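Okay, coords_12.cif now, which holds mmCIF, C-alpha atoms:
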```cif
data_final
loop_
_atom_site.label_atom_id
_atom_site.label_comp_id
_atom_site.auth_asym_id
_atom_site.auth_seq_id
_atom_site.Cartn_x
_atom_site.Cartn_y
_atom_site.Cartn_z
CA MET A 27 25.50 38.89 134.09
CA ILE A 28 26.15 35.21 133.53
CA THR A 29 28.98 32.84 134.31
CA ALA A 30 30.26 30.05 132.10
CA ASP A 31 32.73 27.34 133.01
CA VAL A 32 34.31 26.00 129.85
CA ALA A 33 36.71 23.16 129.14
CA ILE A 34 38.17 22.50 125.70
CA TYR A 35 39.39 19.03 124.80
CA PRO A 36 41.41 18.81 121.58
CA LEU A 37 41.17 15.30 120.14
CA LYS A 38 43.64 13.45 117.94
CA THR A 39 46.42 16.03 118.27
CA ASN A 40 49.95 16.14 119.64
CA SER A 41 49.64 19.83 120.55
CA ALA A 42 46.63 19.89 122.89
CA SER A 43 48.20 22.42 125.27
CA GLU A 44 48.88 24.84 122.43
CA VAL A 45 45.31 24.52 121.12
CA ILE A 46 43.91 25.22 124.59
CA THR A 47 46.24 28.17 125.24
CA ASP A 48 45.48 29.75 121.86
CA SER A 49 41.76 29.36 122.53
CA ILE A 50 42.04 31.04 125.94
CA ASP A 51 44.13 33.85 124.43
CA THR A 52 41.11 34.94 122.36
CA LEU A 53 39.58 36.21 125.63
CA LYS A 54 42.16 38.99 125.88
CA LYS A 55 40.25 40.87 123.17
CA LYS A 56 36.83 40.36 124.78
CA ARG A 57 34.92 42.31 127.40
CA VAL A 58 34.58 39.43 129.86
CA ASP A 59 36.30 38.69 133.13
CA TYR A 60 37.95 35.29 133.12
CA SER A 61 40.06 33.08 135.32
CA VAL A 62 41.95 29.98 134.25
CA SER A 63 42.29 26.88 136.42
CA SER A 64 43.86 23.53 135.69
CA LEU A 65 40.56 22.01 134.53
CA SER A 66 38.51 24.86 133.08
CA THR A 67 38.19 28.56 132.41
CA ARG A 68 35.47 30.66 134.06
CA LEU A 69 34.00 33.58 132.10
CA THR A 70 31.81 36.27 133.64
CA GLY A 71 30.04 39.04 131.76
CA SER A 72 26.94 39.97 129.84
CA LYS A 73 25.12 37.12 128.13
CA GLU A 74 26.05 38.49 124.72
CA GLU A 75 29.76 38.82 125.53
CA VAL A 76 30.02 35.41 127.19
CA PHE A 77 28.33 33.62 124.28
CA SER A 78 30.44 35.56 121.78
CA SER A 79 33.57 34.62 123.72
CA LEU A 80 32.61 30.95 123.77
CA SER A 81 32.07 31.04 120.01
CA ASP A 82 35.47 32.66 119.47
CA MET A 83 37.17 30.11 121.73
CA PHE A 84 35.61 27.21 119.83
CA SER A 85 36.42 28.72 116.43
CA LYS A 86 40.06 29.25 117.40
CA ALA A 87 40.38 25.69 118.68
CA GLU A 88 38.59 24.31 115.62
CA GLY A 89 40.99 26.24 113.40
CA SER A 90 43.80 24.01 114.61
CA GLY A 91 42.51 21.43 112.16
CA GLY A 92 41.70 18.76 114.70
CA GLU A 93 38.53 17.59 116.33
CA ILE A 94 37.37 19.56 119.38
CA SER A 95 35.10 18.77 122.29
CA MET A 96 33.92 21.77 124.33
CA VAL A 97 32.07 21.33 127.62
CA VAL A 98 30.26 24.40 128.99
CA THR A 99 28.20 25.00 132.12
CA ILE A 100 26.30 28.30 132.15
CA SER A 101 24.63 29.93 135.13
CA ASN A 102 22.79 33.20 135.68
CA SER A 103 22.83 32.85 139.47
CA ALA A 104 24.88 35.10 141.72
CA HIS A 105 28.02 33.42 143.04
#
```
Once more with this new file: its structure as structure tokens, please.
Amino acid sequence: MITADVAIYPLKTNSASEVITDSIDTLKKKRVDYSVSSLSTRLTGSKEEVFSSLSDMFSKAEGSGGEISMVVTISNSAH
């Protein structure tokens, strides 16, 4: 099990909230636990599922057509 805290920052867009929400919505189809806060989203699951989820989140945000910055902190320690 690993944990990842991820924040997505859409750049040069007027619909940043929509890009972020759509990116988070990709997690509904994944086998990870997640919680959303005002600054980031925390994912918990197997290493494979967490990394796959991060990739899907980035791809969805990138698909908005704008530039994206994604900041991730990953830990394998027990919380």
Let me know the residues the PyMOL selection byres ((chain A and resi 71-84) around 7) catches in the file above, as a PyMOL selection string. chain A and resi 27-29+49-50+52-53+56-59+69-70+85-88
Give me the box for stretch 38-41 of chain A as lines of an AutoDock Vina configuration file, namely the centre and edge lengths in Å to one decimal of a box along x, y and z that holds every listed atom plus 4 Å on each side.
```
center_x = 46.8
center_y = 16.6
center_z = 119.2
size_x = 14.3
size_y = 14.4
size_z = 10.6
```
I'd like to know which of A:Ser101, A:Ile46, A:Asn40, A:Ile94 is closest to A:Thr67, using all atoms listed in the file. A:Ile46
Residues returned when the PyMOL selection byres ((chain A and resi 92) around 9) runs on this file, as an mmCIF file with C-alpha atoms, in the frame of the given file:
```cif
data_model
loop_
_atom_site.group_PDB
_atom_site.id
_atom_site.type_symbol
_atom_site.label_atom_id
_atom_site.label_comp_id
_atom_site.auth_asym_id
_atom_site.auth_seq_id
_atom_site.Cartn_x
_atom_site.Cartn_y
_atom_site.Cartn_z
ATOM 1 C CA PRO A 36 41.410 18.810 121.580
ATOM 2 C CA LEU A 37 41.170 15.300 120.140
ATOM 3 C CA LYS A 38 43.640 13.450 117.940
ATOM 4 C CA THR A 39 46.420 16.030 118.270
ATOM 5 C CA ALA A 87 40.380 25.690 118.680
ATOM 6 C CA GLU A 88 38.590 24.310 115.620
ATOM 7 C CA GLY A 89 40.990 26.240 113.400
ATOM 8 C CA SER A 90 43.800 24.010 114.610
ATOM 9 C CA GLY A 91 42.510 21.430 112.160
ATOM 10 C CA GLU A 93 38.530 17.590 116.330
ATOM 11 C CA ILE A 94 37.370 19.560 119.380
#
```
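One finds atom CA of A:Val32 at 6.6 Å from atom CA of A:Thr99.
Residues selected in this file by the PyMOL selection byres ((chain A and resi 97) around 6) comprise A:Val32, A:Ala33, A:Met96, A:Val98.
Pairwise distance (atom CA of A:Ser103, atom CA of A:Tyr35) equals 26.1 Å.
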Separation of atom CA of A:Leu65 and atom CA of A:Ile34, in Å? 9.2 Å
